$ cat structure-v9.txt   # compact mmCIF, C-alpha atoms and all ligand atoms
# COMPACT_ATOMS: atom_id res chain seq x y z
CA MET A 1168 0.00 0.00 0.00
CA LEU A 1169 0.99 3.59 -0.28
CA SER A 1170 2.93 4.56 2.78
CA GLY A 1171 0.57 6.06 5.34
CA ARG A 1172 -2.50 5.15 3.29
CA SER A 1173 -4.87 2.25 3.21
CA THR A 1174 -7.02 0.73 0.52
CA ASP A 1175 -10.16 1.40 2.59
CA GLY A 1176 -12.84 2.76 0.32
CA TRP A 1177 -11.39 1.28 -2.84
CA VAL A 1178 -14.01 -0.05 -5.22
CA CYS A 1179 -12.76 -3.64 -4.70
CA ARG A 1180 -10.27 -5.11 -2.23
CA PRO A 1181 -6.88 -5.67 -3.90
CA HIS A 1182 -5.54 -9.20 -4.14
CA GLY A 1183 -2.42 -9.94 -2.10
CA TRP A 1184 0.67 -11.77 -3.36
CA LEU A 1185 -0.73 -15.26 -2.67
CA ARG A 1186 -4.12 -14.69 -4.31
CA HIS A 1187 -2.53 -12.88 -7.25
CA TYR A 1188 -0.10 -15.71 -7.98
CA ALA A 1189 -2.79 -18.35 -7.38
CA GLY A 1190 -4.87 -16.49 -9.99
CA LEU A 1191 -1.99 -16.66 -12.46
CA LEU A 1192 -2.23 -20.46 -12.19
CA GLY A 1193 -5.98 -20.36 -12.97
CA PRO A 1194 -7.59 -20.72 -16.43
CA ALA A 1195 -7.10 -17.08 -17.50
CA GLY A 1196 -3.49 -16.94 -16.27
CA THR A 1197 -2.50 -20.21 -17.91
CA THR A 1198 -4.22 -19.18 -21.17
CA ALA A 1199 -2.22 -15.91 -21.23
CA ALA A 1200 0.99 -17.73 -20.25
CA GLY A 1201 0.35 -20.31 -22.99
CA ILE A 1202 0.31 -17.54 -25.62
CA MET A 1203 3.60 -16.16 -24.30
CA VAL A 1204 5.29 -19.56 -24.18
CA ARG A 1205 4.14 -20.49 -27.70
CA ASP A 1206 5.00 -17.17 -29.34
CA ARG A 1207 8.75 -16.60 -29.46
CA PRO A 1208 9.63 -17.34 -25.82
CA GLY A 1209 13.32 -16.73 -26.61
CA GLU A 1210 12.65 -13.18 -27.75
CA ARG A 1211 10.55 -12.45 -24.65
CA LEU A 1212 13.24 -13.84 -22.39
CA ALA A 1213 15.85 -11.76 -24.24
CA ALA A 1214 13.73 -8.61 -23.69
CA VAL A 1215 13.55 -9.27 -19.94
CA ARG A 1216 17.29 -10.07 -19.83
CA SER A 1217 18.11 -6.91 -21.74
CA SER A 1218 16.02 -4.79 -19.37
CA LEU A 1219 17.87 -6.36 -16.43
CA ALA A 1220 21.20 -5.73 -18.17
CA ARG A 1221 20.25 -2.06 -18.57
CA ARG A 1222 19.73 -1.78 -14.85
CA HIS A 1223 23.18 -0.26 -14.35
CA GLN A 1224 23.37 1.67 -17.62
CA SER A 1225 20.36 3.95 -17.77
CA ARG A 1226 17.86 4.32 -14.97
CA GLN A 1227 14.80 6.42 -14.46
CA ARG A 1228 11.77 6.56 -12.19
CA GLY A 1229 8.73 4.46 -13.11
CA LEU A 1230 5.42 3.91 -11.35
CA VAL A 1231 5.46 0.26 -10.30
CA VAL A 1232 2.41 -1.66 -9.07
CA ALA A 1233 2.74 -4.71 -6.78
CA PRO A 1234 0.10 -7.03 -5.25
CA GLY A 1235 -1.87 -5.67 -2.30
CA GLY A 1236 -2.53 -2.34 -4.03
CA ARG A 1237 1.06 -1.20 -3.59
CA MET A 1238 2.07 1.65 -5.90
CA ALA A 1239 5.33 3.55 -5.73
CA TRP A 1240 7.97 5.27 -7.81
CA ARG A 1241 10.85 2.84 -8.34
CA ASP A 1242 14.14 2.85 -10.18
CA VAL A 1243 13.45 1.09 -13.49
CA PRO A 1244 15.57 0.61 -16.61
CA GLY A 1245 15.47 3.53 -19.03
CA PRO A 1246 14.85 2.83 -22.71
CA PRO A 1247 17.89 1.80 -24.75
CA PRO A 1248 19.21 4.38 -27.25
CA PRO A 1249 16.90 4.38 -30.28
CA GLY A 1250 18.01 2.12 -33.13
CA PRO A 1251 17.96 3.46 -36.71
CA TYR A 1252 14.16 3.20 -36.90
CA GLY A 1253 13.32 4.05 -33.29
CA ALA A 1254 12.67 7.07 -31.11
CA THR A 1255 12.89 8.04 -27.46
CA VAL A 1256 9.92 10.05 -26.21
CA HIS A 1257 9.05 11.95 -23.03
CA PRO A 1258 5.42 11.32 -21.92
CA LEU A 1259 3.57 14.63 -21.47
CA ALA A 1260 0.14 13.28 -20.54
CA ILE A 1261 -0.64 9.71 -19.51
CA ALA A 1262 -4.20 8.40 -19.25
CA THR A 1263 -5.39 5.47 -17.19
CA CYS A 1264 -6.89 2.65 -19.24
CA ASP A 1265 -10.09 0.95 -18.05
CA MET A 1266 -7.85 -2.09 -17.46
CA ASP A 1267 -5.47 -0.23 -15.12
CA ARG A 1268 -7.70 -0.42 -12.05
CA PRO A 1269 -7.99 -4.25 -12.24
CA ILE A 1270 -4.22 -4.37 -12.79
CA ILE A 1271 -3.65 -2.25 -9.64
CA LEU A 1272 -6.05 -4.57 -7.79
CA ALA A 1273 -3.83 -7.52 -8.87
CA ALA A 1274 -6.97 -9.08 -10.38
CA THR A 1275 -5.73 -9.71 -13.94
CA PRO A 1276 -3.59 -12.45 -15.54
CA PHE A 1277 -0.73 -9.95 -15.97
CA PRO A 1278 2.00 -10.84 -13.45
CA LEU A 1279 2.94 -8.14 -10.93
CA PRO A 1280 5.02 -6.21 -10.11
CA LEU A 1281 4.80 -4.24 -13.34
CA HIS A 1282 5.62 -0.76 -14.58
CA LEU A 1283 2.22 0.83 -15.25
CA GLY A 1284 0.95 3.05 -18.07
CA HIS A 1285 0.17 2.46 -21.72
CA GLU A 1286 -1.83 5.45 -22.99
CA CYS A 1287 0.14 8.62 -23.62
CA VAL A 1288 0.93 11.68 -25.64
CA ALA A 1289 4.62 12.45 -25.65
CA GLU A 1290 7.30 14.77 -26.94
CA VAL A 1291 9.94 13.24 -29.19
CA VAL A 1292 13.38 13.52 -27.58
CA ALA A 1293 15.60 11.61 -30.01
CA VAL A 1294 15.17 9.67 -33.25
CA GLY A 1295 17.26 7.15 -35.20
CA ASP A 1296 19.04 7.98 -38.47
CA GLU A 1297 16.40 6.37 -40.68
CA VAL A 1298 13.35 8.04 -39.08
CA ARG A 1299 11.61 10.35 -41.56
CA THR A 1300 8.18 11.38 -40.26
CA VAL A 1301 8.86 12.65 -36.73
CA SER A 1302 11.59 14.79 -35.24
CA PRO A 1303 12.77 15.91 -31.79
CA GLY A 1304 10.44 18.44 -30.17
CA GLN A 1305 7.34 17.13 -31.96
CA LYS A 1306 4.29 16.07 -29.92
CA VAL A 1307 2.93 12.65 -30.80
CA VAL A 1308 0.28 10.11 -29.81
CA VAL A 1309 2.01 6.85 -28.84
CA PRO A 1310 -0.18 3.81 -29.65
CA PHE A 1311 -0.20 1.34 -26.77
CA GLN A 1312 0.52 -1.59 -29.10
CA ILE A 1313 4.01 -2.09 -30.56
CA SER A 1314 3.85 -2.62 -34.33
CA CYS A 1315 6.49 -2.81 -37.06
CA GLY A 1316 4.47 -1.51 -40.01
CA ALA A 1317 6.11 -4.00 -42.37
CA CYS A 1318 4.72 -7.46 -41.59
CA PRO A 1319 1.60 -8.82 -43.39
CA PRO A 1320 -0.92 -7.93 -40.60
CA CYS A 1321 0.56 -4.40 -40.29
CA ARG A 1322 0.31 -3.91 -44.07
CA LEU A 1323 -3.35 -4.99 -43.88
CA GLY A 1324 -4.03 -2.32 -41.22
CA ARG A 1325 -4.04 -4.74 -38.31
CA PRO A 1326 -1.13 -3.51 -36.15
CA GLY A 1327 -2.54 -5.20 -33.03
CA SER A 1328 -1.72 -8.53 -34.68
CA CYS A 1329 1.81 -7.49 -35.72
CA THR A 1330 4.06 -10.51 -36.30
CA GLY A 1331 7.24 -8.41 -36.37
CA VAL A 1332 7.26 -8.44 -32.56
CA PRO A 1333 6.11 -11.06 -30.02
CA ALA A 1334 2.29 -11.38 -29.80
CA LEU A 1335 0.54 -8.89 -27.47
CA SER A 1336 3.53 -6.54 -27.41
CA MET A 1337 2.30 -3.51 -25.44
CA TYR A 1338 3.53 -0.86 -23.06
CA GLY A 1339 2.48 -1.04 -19.43
CA PHE A 1340 1.76 -4.77 -19.14
CA GLY A 1341 5.12 -5.92 -17.75
CA VAL A 1342 6.48 -9.25 -18.92
CA ALA A 1343 3.03 -10.20 -20.29
CA GLY A 1344 3.29 -7.29 -22.74
CA GLY A 1345 6.85 -8.12 -23.75
CA GLY A 1346 8.79 -5.93 -21.31
CA TRP A 1347 8.53 -2.67 -23.31
CA GLY A 1348 8.29 -0.53 -20.16
CA GLY A 1349 5.51 1.68 -18.88
CA ALA A 1350 4.41 5.20 -19.85
CA ILE A 1351 4.30 6.52 -16.26
CA ALA A 1352 7.96 7.44 -16.49
CA ASP A 1353 10.18 10.19 -17.83
CA LEU A 1354 11.18 8.33 -21.01
CA LEU A 1355 9.72 5.65 -23.23
CA GLY A 1356 11.37 3.79 -26.13
CA VAL A 1357 9.53 3.46 -29.46
CA PRO A 1358 11.12 0.81 -31.70
CA PHE A 1359 9.36 1.78 -34.97
CA ALA A 1360 8.88 5.55 -34.89
CA ASP A 1361 7.59 6.17 -38.44
CA GLU A 1362 5.10 3.34 -38.27
CA MET A 1363 3.80 3.90 -34.73
CA LEU A 1364 3.84 7.60 -33.86
CA VAL A 1365 1.05 9.95 -34.95
CA GLY A 1366 1.71 13.71 -34.85
CA LEU A 1367 -0.55 15.71 -32.56
CA PRO A 1368 -2.67 18.20 -34.57
CA ASP A 1369 -2.21 21.88 -33.73
CA GLY A 1370 -4.51 23.25 -31.06
CA ILE A 1371 -5.15 19.96 -29.25
CA GLU A 1372 -3.73 19.75 -25.76
CA PRO A 1373 -1.90 16.54 -24.71
CA GLU A 1374 -4.12 15.99 -21.65
CA VAL A 1375 -7.25 16.05 -23.84
CA VAL A 1376 -5.97 13.44 -26.24
CA ALA A 1377 -3.91 11.08 -24.05
CA SER A 1378 -6.49 8.27 -24.03
CA VAL A 1379 -6.64 8.22 -27.85
CA ALA A 1380 -3.58 5.94 -27.58
CA ASP A 1381 -6.00 3.17 -26.53
CA ASN A 1382 -9.47 3.58 -24.99
CA VAL A 1383 -10.89 6.27 -27.32
CA SER A 1384 -9.61 4.39 -30.38
CA ASP A 1385 -10.92 1.15 -28.94
CA ALA A 1386 -14.35 2.79 -28.60
CA TYR A 1387 -14.19 4.08 -32.18
CA ARG A 1388 -13.74 0.64 -33.72
CA HIS A 1389 -16.92 -0.63 -32.04
CA VAL A 1390 -19.17 1.82 -33.89
CA ALA A 1391 -17.42 3.51 -36.85
CA PRO A 1392 -17.27 0.46 -39.15
CA HIS A 1393 -20.95 -0.36 -38.61
CA LEU A 1394 -22.92 2.81 -37.91
CA PRO A 1395 -22.97 4.53 -41.34
CA GLY A 1396 -24.53 1.47 -42.98
CA LEU A 1397 -27.12 1.08 -40.22
CA LEU A 1398 -28.05 4.78 -40.29
CA ALA A 1399 -28.39 4.63 -44.09
CA ILE A 1400 -31.07 1.95 -43.63
CA ASP A 1401 -32.70 3.63 -40.62
CA PRO A 1402 -31.64 7.14 -39.52
CA ALA A 1403 -33.17 6.37 -36.11
CA ALA A 1404 -31.13 3.17 -35.61
CA ARG A 1405 -30.35 2.65 -31.92
CA VAL A 1406 -26.98 1.90 -30.36
CA LEU A 1407 -27.05 -0.05 -27.10
CA ILE A 1408 -23.86 -0.07 -24.99
CA LEU A 1409 -23.45 -2.45 -22.07
CA ALA A 1410 -20.95 -0.96 -19.61
CA SER A 1411 -21.31 -2.84 -16.31
CA LEU A 1412 -23.95 -5.20 -14.96
CA GLN A 1413 -22.41 -5.03 -11.46
CA GLN A 1414 -22.22 -2.31 -8.82
CA ARG A 1415 -18.80 -3.44 -7.61
CA GLN A 1416 -16.79 -3.30 -10.79
CA ALA A 1417 -13.01 -3.25 -11.04
CA PHE A 1418 -13.00 -1.97 -14.63
CA THR A 1419 -13.55 1.75 -15.00
CA SER A 1420 -16.08 2.85 -17.60
CA SER A 1421 -14.42 5.32 -19.95
CA MET A 1422 -14.70 3.14 -23.04
CA PRO A 1423 -18.50 2.74 -23.01
CA LEU A 1424 -18.84 6.51 -22.56
CA TYR A 1425 -16.36 7.25 -25.39
CA THR A 1426 -18.29 4.74 -27.51
CA GLY A 1427 -21.49 6.67 -26.85
CA LEU A 1428 -19.88 10.03 -27.66
CA ILE A 1429 -18.42 8.67 -30.90
CA ALA A 1430 -21.77 7.14 -31.90
CA VAL A 1431 -23.40 10.56 -31.43
CA ALA A 1432 -20.55 12.26 -33.34
CA LEU A 1433 -21.16 9.85 -36.21
CA GLY A 1434 -24.87 10.66 -36.35
CA ALA A 1435 -26.64 8.26 -33.98
CA ARG A 1436 -29.67 9.87 -32.31
CA HIS A 1437 -30.49 7.13 -29.82
CA VAL A 1438 -27.58 5.89 -27.74
CA GLU A 1439 -28.26 4.00 -24.51
CA VAL A 1440 -25.66 3.09 -21.87
CA VAL A 1441 -26.45 0.30 -19.41
CA ASP A 1442 -24.56 0.50 -16.11
CA ALA A 1443 -25.38 -0.71 -12.60
CA ARG A 1444 -23.54 2.24 -11.01
CA ALA A 1445 -25.64 5.36 -10.45
CA GLU A 1446 -22.62 7.67 -10.79
CA ILE A 1447 -21.82 6.30 -14.26
CA ARG A 1448 -25.46 6.65 -15.31
CA ASP A 1449 -25.39 10.26 -14.08
CA LEU A 1450 -22.25 10.98 -16.11
CA ALA A 1451 -23.77 9.29 -19.19
CA ALA A 1452 -26.84 11.53 -18.84
CA ARG A 1453 -24.66 14.65 -18.54
CA LEU A 1454 -22.93 13.59 -21.77
CA GLY A 1455 -26.29 13.46 -23.58
CA LEU A 1456 -26.50 9.66 -23.59
CA GLN A 1457 -29.53 7.73 -22.35
CA PRO A 1458 -28.67 5.96 -19.09
CA ARG A 1459 -30.21 2.58 -18.31
CA SER A 1460 -29.93 0.28 -15.32
CA PRO A 1461 -29.39 -3.48 -15.87
CA THR A 1462 -32.80 -3.96 -14.25
CA ASP A 1463 -34.25 -2.11 -17.29
CA LEU A 1464 -32.75 -4.65 -19.69
CA ARG A 1465 -35.84 -6.84 -19.74
CA GLY A 1466 -37.89 -3.96 -21.16
CA ILE A 1467 -35.27 -2.73 -23.65
CA GLU A 1468 -35.96 -3.58 -27.27
CA PRO A 1469 -33.15 -5.31 -29.22
CA ALA A 1470 -30.93 -2.87 -31.12
CA PRO A 1471 -29.20 -3.30 -34.50
CA LEU A 1472 -25.82 -2.40 -32.95
CA VAL A 1473 -24.94 -3.59 -29.46
CA VAL A 1474 -21.55 -2.96 -27.87
CA ASP A 1475 -20.43 -5.14 -24.97
CA VAL A 1476 -17.74 -3.52 -22.84
CA THR A 1477 -18.64 -5.33 -19.61
CA GLY A 1478 -15.57 -7.60 -19.58
CA ASP A 1479 -17.96 -10.18 -18.18
CA PRO A 1480 -19.27 -13.40 -19.82
CA ALA A 1481 -22.78 -12.57 -18.52
CA GLY A 1482 -22.49 -9.18 -20.24
CA LEU A 1483 -21.75 -10.83 -23.57
CA VAL A 1484 -24.78 -13.12 -23.15
CA ALA A 1485 -26.96 -10.07 -22.37
CA ALA A 1486 -25.51 -8.18 -25.37
CA LEU A 1487 -26.22 -11.04 -27.75
CA GLY A 1488 -29.70 -11.34 -26.25
CA HIS A 1489 -30.35 -7.67 -27.08
CA THR A 1490 -28.97 -7.71 -30.62
CA ALA A 1491 -31.77 -7.35 -33.17
CA ALA A 1492 -32.24 -9.85 -36.00
CA ASP A 1493 -29.39 -9.51 -38.53
CA GLY A 1494 -27.74 -7.05 -36.14
CA ILE A 1495 -24.15 -6.58 -35.02
CA CYS A 1496 -22.71 -7.28 -31.58
CA SER A 1497 -19.25 -5.83 -31.02
CA SER A 1498 -17.58 -7.08 -27.84
CA ALA A 1499 -14.37 -5.91 -26.21
CA GLY A 1500 -14.08 -9.40 -24.71
CA GLY A 1501 -12.58 -9.81 -21.28
CA LEU A 1502 -10.13 -11.67 -19.12
CA HIS A 1503 -12.16 -14.82 -18.44
CA ALA A 1504 -10.77 -17.97 -20.04
CA ARG A 1505 -14.24 -19.15 -21.04
CA GLY A 1506 -17.95 -18.44 -20.66
CA ARG A 1507 -21.40 -19.57 -21.80
CA PHE A 1508 -22.47 -18.74 -25.34
CA PRO A 1509 -26.13 -18.50 -26.47
CA LEU A 1510 -25.53 -20.45 -29.66
CA LEU A 1511 -29.09 -21.21 -30.73
CA ARG A 1512 -30.40 -17.68 -30.17
CA SER A 1513 -27.47 -16.17 -32.03
CA TYR A 1514 -28.00 -18.63 -34.89
CA ILE A 1515 -31.72 -17.91 -35.17
CA SER A 1516 -31.28 -14.13 -35.07
CA ASN A 1517 -28.38 -14.08 -37.57
CA VAL A 1518 -26.11 -12.11 -35.25
CA THR A 1519 -22.75 -10.91 -36.52
CA LEU A 1520 -20.40 -11.07 -33.51
CA HIS A 1521 -17.04 -9.40 -33.45
CA ILE A 1522 -14.98 -10.01 -30.33
CA GLY A 1523 -11.39 -9.06 -29.81
CA ARG A 1524 -8.77 -6.41 -29.37
CA THR A 1525 -8.44 -3.08 -31.11
CA HIS A 1526 -5.90 -2.13 -33.78
CA ALA A 1527 -5.26 1.26 -32.20
CA ARG A 1528 -2.67 2.68 -34.61
CA ALA A 1529 -4.95 2.08 -37.60
CA VAL A 1530 -7.77 4.30 -36.28
CA ILE A 1531 -5.92 6.99 -34.28
CA PRO A 1532 -5.82 9.41 -37.29
CA GLN A 1533 -9.60 9.06 -37.78
CA VAL A 1534 -10.25 9.73 -34.09
CA LEU A 1535 -8.01 12.81 -34.18
CA GLU A 1536 -9.93 14.05 -37.23
CA LEU A 1537 -13.21 13.89 -35.24
CA MET A 1538 -11.53 15.95 -32.52
CA VAL A 1539 -10.08 18.52 -34.94
CA ASP A 1540 -13.57 18.91 -36.42
CA GLY A 1541 -14.88 19.62 -32.92
CA ARG A 1542 -17.23 16.64 -33.06
CA LEU A 1543 -15.60 14.64 -30.27
CA HIS A 1544 -14.56 15.87 -26.83
CA PRO A 1545 -13.01 12.96 -24.89
CA GLU A 1546 -12.08 15.32 -22.05
CA ALA A 1547 -15.75 15.29 -21.01
CA VAL A 1548 -15.14 11.79 -19.62
CA THR A 1549 -12.06 12.75 -17.55
CA THR A 1550 -12.73 12.71 -13.81
CA GLN A 1551 -9.26 13.63 -12.51
CA VAL A 1552 -6.20 15.51 -13.82
CA ALA A 1553 -3.09 15.39 -11.61
CA PRO A 1554 0.62 16.18 -11.89
CA ILE A 1555 2.65 13.08 -12.74
CA ASP A 1556 4.75 13.63 -9.60
CA GLU A 1557 1.59 12.87 -7.61
CA ALA A 1558 0.87 9.64 -9.53
CA PRO A 1559 0.66 7.31 -6.48
CA ALA A 1560 -1.95 9.47 -4.71
CA ALA A 1561 -3.87 10.15 -7.94
CA LEU A 1562 -4.02 6.42 -8.73
CA ASP A 1563 -5.16 5.72 -5.17
CA GLN A 1564 -8.05 8.09 -5.86
CA HIS A 1565 -8.60 6.35 -9.19
CA CYS A 1566 -9.29 3.09 -7.36
CA ARG A 1567 -12.35 4.56 -5.65
CA ALA A 1568 -15.99 4.59 -6.76
CA GLY A 1569 -16.88 7.27 -9.28
CA ALA A 1570 -13.45 7.33 -10.95
CA VAL A 1571 -13.56 7.02 -14.73
CA LYS A 1572 -10.44 8.53 -16.27
CA THR A 1573 -7.34 9.93 -14.60
CA ILE A 1574 -4.85 11.95 -16.64
CA LEU A 1575 -1.32 12.48 -15.29
CA VAL A 1576 0.44 15.49 -16.73
CA ALA A 1577 4.15 16.28 -16.80
CA SER A 1578 5.17 19.60 -15.28
ZN ZN A 1601 -5.67 -0.44 -22.31
ZN ZN A 1602 4.03 -5.64 -37.97
$ encode --input "structure-v9.txt" --output "structure tokens"
Amino acid sequence: MLSGRSTDGWVCRPHGWLRHYAGLLGPAGTTAAGIMVRDRPGERLAAVRSSLARRHQSRQRGLVVAPGGRMAWRDVPGPPPPGPYGATVHPLAIATCDMDRPIILAATPFPLPLHLGHECVAEVVAVGDEVRTVSPGQKVVVPFQISCGACPPCRLGRPGSCTGVPALSMYGFGVAGGGWGGAIADLLGVPFADEMLVGLPDGIEPEVVASVADNVSDAYRHVAPHLPGLLAIDPAARVLILASLQQRQAFTSSMPLYTGLIAVALGARHVEVVDARAEIRDLAARLGLQPRSPTDLRGIEPAPLVVDVTGDPAGLVAALGHTAADGICSSAGGLHARGRFPLLRSYISNVTLHIGRTHARAVIPQVLELMVDGRLHPEAVTTQVAPIDEAPAALDQHCRAGAVKTILVAS
């Protein structure tokens, strides 16, 4: 725990070391470990070894999370000098991801301790000789996923499935993400600067756009590919977003709210957000979205586009159950190894289900365009802005009820 603080009042009790490591041996942990062991274990091991070898070469402070809700600044390895295609960047504004609270609670299959932070806007500090599109001093959005830009999935616009780096290579997920370091630090290494970094448009402040590196872009992909076609058929087509079916929820709820804002920006007139927490329903209402309680679900008509962001197998079942005939259900999935699936109902109603991770880099420019046009204001979802030096206290606050999005800003 933070020195002199307790986790009293946190939305869920954090898991201690024993429960955390027991969880890693459960179905979700072994599934995640299986992916790591199968996909280039040598490269992953080399990344960890190289970060240990850097321990005495370049050091910096990084916000490290350990079981029991412990968060503190620690000495961590700094990024290596950028190779010919890489860059070193200085994070200016770092956003919490909806996944960060469960990580802090030690309730995910990502082994702790880990160096936290994977959504940021940064200033370029140094670039390699072959880098052409960014230069020192420029402000950039740093996608949370590492992608090479050259492999077949990258060339098809699917950077989240990049095969040029080990699977699931991401900042802020410790060894599970490939050991690329965390964004809550003074410096971050970017191995493929031209392919990954997106210049920040003039007039947009880093703290407003920090979450575009992941959650806002993740929200965009749930609605943008589907909504124009649905609205062409029926301009009054409804969008139903399932945020949380439970009052005590470790995941924060920025993504469902961003999804609602993006649906409205793209022309939807009827956007409903289902959440068991009154404070999230209140925020949804203030954002112009229609709040619904899970107890209302029985009376809610099926919608042609349903987005499941619950992270809960029961949420996916409810989403599929509320998808209209020939409709689309887009699910962000979750961290459960398995769950029930309403096969017959989905078959009869001709549901198209998409479940999986985002390809953040591919949609970041489109999200920025919506912001430049003044049609999207992600800052409306932010509940806390704090100086990065106060990260441990700000993240403590972030673990309490009512928190949605915390932005840490460099001084
Ligand atoms: Zn994330
Ligand atoms: Zn690639």
$ closest_atom_pairs --input "structure-v9.txt" --of "stretch 1477-1546 of chain A" --to "stretch 1333-1357 of chain A" --cutoff "12 Å" --atoms "only C-alpha atoms" --output "CSV"
residue,atom,partner,partner_atom,distance
A:Arg1524,CA,A:Leu1335,CA,9.8
A:Thr1525,CA,A:Leu1335,CA,11.3
A:His1526,CA,A:Leu1335,CA,11.3
A:Ala1527,CA,A:Met1337,CA,11.2
$ atom_distance --input "structure-v9.txt" --atom1 "atom CA of A:Ser1411" --atom2 "atom CA of A:Thr1477"
4.9 Å
$ residues_around --input "structure-v9.txt" --residues "A:Val1309" --least-positions-apart "5" --cutoff "6 Å" --atoms "only C-alpha atoms" --output "list in words"
Cys1287, Val1288, Leu1364 and Ala1380 of chain A
$ closest_atom_pairs --input "structure-v9.txt" --of "chain A" --to "ligand ZN 1601 (chain A)" --cutoff "9 Å" --atoms "all atoms listed in the file" --output "JSON lines"
{"residue": "A:Thr1263", "atom": "CA", "partner": "A:ZN1601", "partner_atom": "ZN", "distance": 7.8}
{"residue": "A:Cys1264", "atom": "CA", "partner": "A:ZN1601", "partner_atom": "ZN", "distance": 4.5}
{"residue": "A:Asp1265", "atom": "CA", "partner": "A:ZN1601", "partner_atom": "ZN", "distance": 6.3}
{"residue": "A:Met1266", "atom": "CA", "partner": "A:ZN1601", "partner_atom": "ZN", "distance": 5.6}
{"residue": "A:Asp1267", "atom": "CA", "partner": "A:ZN1601", "partner_atom": "ZN", "distance": 7.2}
{"residue": "A:Gly1284", "atom": "CA", "partner": "A:ZN1601", "partner_atom": "ZN", "distance": 8.6}
{"residue": "A:His1285", "atom": "CA", "partner": "A:ZN1601", "partner_atom": "ZN", "distance": 6.5}
{"residue": "A:Glu1286", "atom": "CA", "partner": "A:ZN1601", "partner_atom": "ZN", "distance": 7.1}
{"residue": "A:Phe1311", "atom": "CA", "partner": "A:ZN1601", "partner_atom": "ZN", "distance": 7.3}
{"residue": "A:Gly1339", "atom": "CA", "partner": "A:ZN1601", "partner_atom": "ZN", "distance": 8.7}
{"residue": "A:Ser1378", "atom": "CA", "partner": "A:ZN1601", "partner_atom": "ZN", "distance": 8.9}
{"residue": "A:Ala1380", "atom": "CA", "partner": "A:ZN1601", "partner_atom": "ZN", "distance": 8.5}
{"residue": "A:Asp1381", "atom": "CA", "partner": "A:ZN1601", "partner_atom": "ZN", "distance": 5.6}
{"residue": "A:Asn1382", "atom": "CA", "partner": "A:ZN1601", "partner_atom": "ZN", "distance": 6.1}
{"residue": "A:Asp1385", "atom": "CA", "partner": "A:ZN1601", "partner_atom": "ZN", "distance": 8.6}
$ write_last_selection --input "structure-v9.txt" --atoms "C-alpha atoms" --output "CSV table (one decimal), in the coordinates of the input"
chain,number,residue,atom,x,y,z
A,1263,THR,CA,-5.4,5.5,-17.2
A,1264,CYS,CA,-6.9,2.6,-19.2
A,1265,ASP,CA,-10.1,1.0,-18.0
A,1266,MET,CA,-7.8,-2.1,-17.5
A,1267,ASP,CA,-5.5,-0.2,-15.1
A,1284,GLY,CA,1.0,3.0,-18.1
A,1285,HIS,CA,0.2,2.5,-21.7
A,1286,GLU,CA,-1.8,5.4,-23.0
A,1311,PHE,CA,-0.2,1.3,-26.8
A,1339,GLY,CA,2.5,-1.0,-19.4
A,1378,SER,CA,-6.5,8.3,-24.0
A,1380,ALA,CA,-3.6,5.9,-27.6
A,1381,ASP,CA,-6.0,3.2,-26.5
A,1382,ASN,CA,-9.5,3.6,-25.0
A,1385,ASP,CA,-10.9,1.2,-28.9
$ closest_residue --input "structure-v9.txt" --among "A:Leu1212, A:Ala1399, A:Gly1324, A:Ala1577" --to "A:Glu1290" --atoms "all atoms listed in the file"
A:Ala1577
$ atom_distance --input "structure-v9.txt" --atom1 "atom CA of A:Leu1502" --atom2 "atom CA of A:Ala1410"
15.2 Å
$ build_atoms --input "structure-v9.txt" --residues "stretch 1236-1244 of chain A" --atoms "N, CA and C atoms" --output "short mmCIF file (atom, residue, chain, number, x, y, z; two decimals), in the coordinates of the input"
data_model
loop_
_atom_site.label_atom_id
_atom_site.label_comp_id
_atom_site.auth_asym_id
_atom_site.auth_seq_id
_atom_site.Cartn_x
_atom_site.Cartn_y
_atom_site.Cartn_z
N GLY A 1236 -2.24 -3.75 -3.76
CA GLY A 1236 -2.53 -2.34 -4.03
C GLY A 1236 -1.34 -1.43 -3.81
N ARG A 1237 -0.14 -2.01 -3.82
CA ARG A 1237 1.06 -1.20 -3.59
C ARG A 1237 1.45 -0.47 -4.87
N MET A 1238 1.62 0.84 -4.75
CA MET A 1238 2.07 1.65 -5.90
C MET A 1238 3.14 2.60 -5.41
N ALA A 1239 4.23 2.66 -6.15
CA ALA A 1239 5.33 3.55 -5.73
C ALA A 1239 6.23 3.84 -6.92
N TRP A 1240 6.91 4.98 -6.85
CA TRP A 1240 7.97 5.27 -7.81
C TRP A 1240 9.14 4.36 -7.49
N ARG A 1241 9.68 3.70 -8.51
CA ARG A 1241 10.85 2.84 -8.34
C ARG A 1241 11.88 3.18 -9.40
N ASP A 1242 13.12 2.77 -9.13
CA ASP A 1242 14.14 2.85 -10.18
C ASP A 1242 13.86 1.75 -11.18
N VAL A 1243 13.69 2.09 -12.45
CA VAL A 1243 13.45 1.09 -13.49
C VAL A 1243 14.44 1.36 -14.62
N PRO A 1244 14.65 0.37 -15.49
CA PRO A 1244 15.57 0.61 -16.61
C PRO A 1244 15.01 1.69 -17.53
#
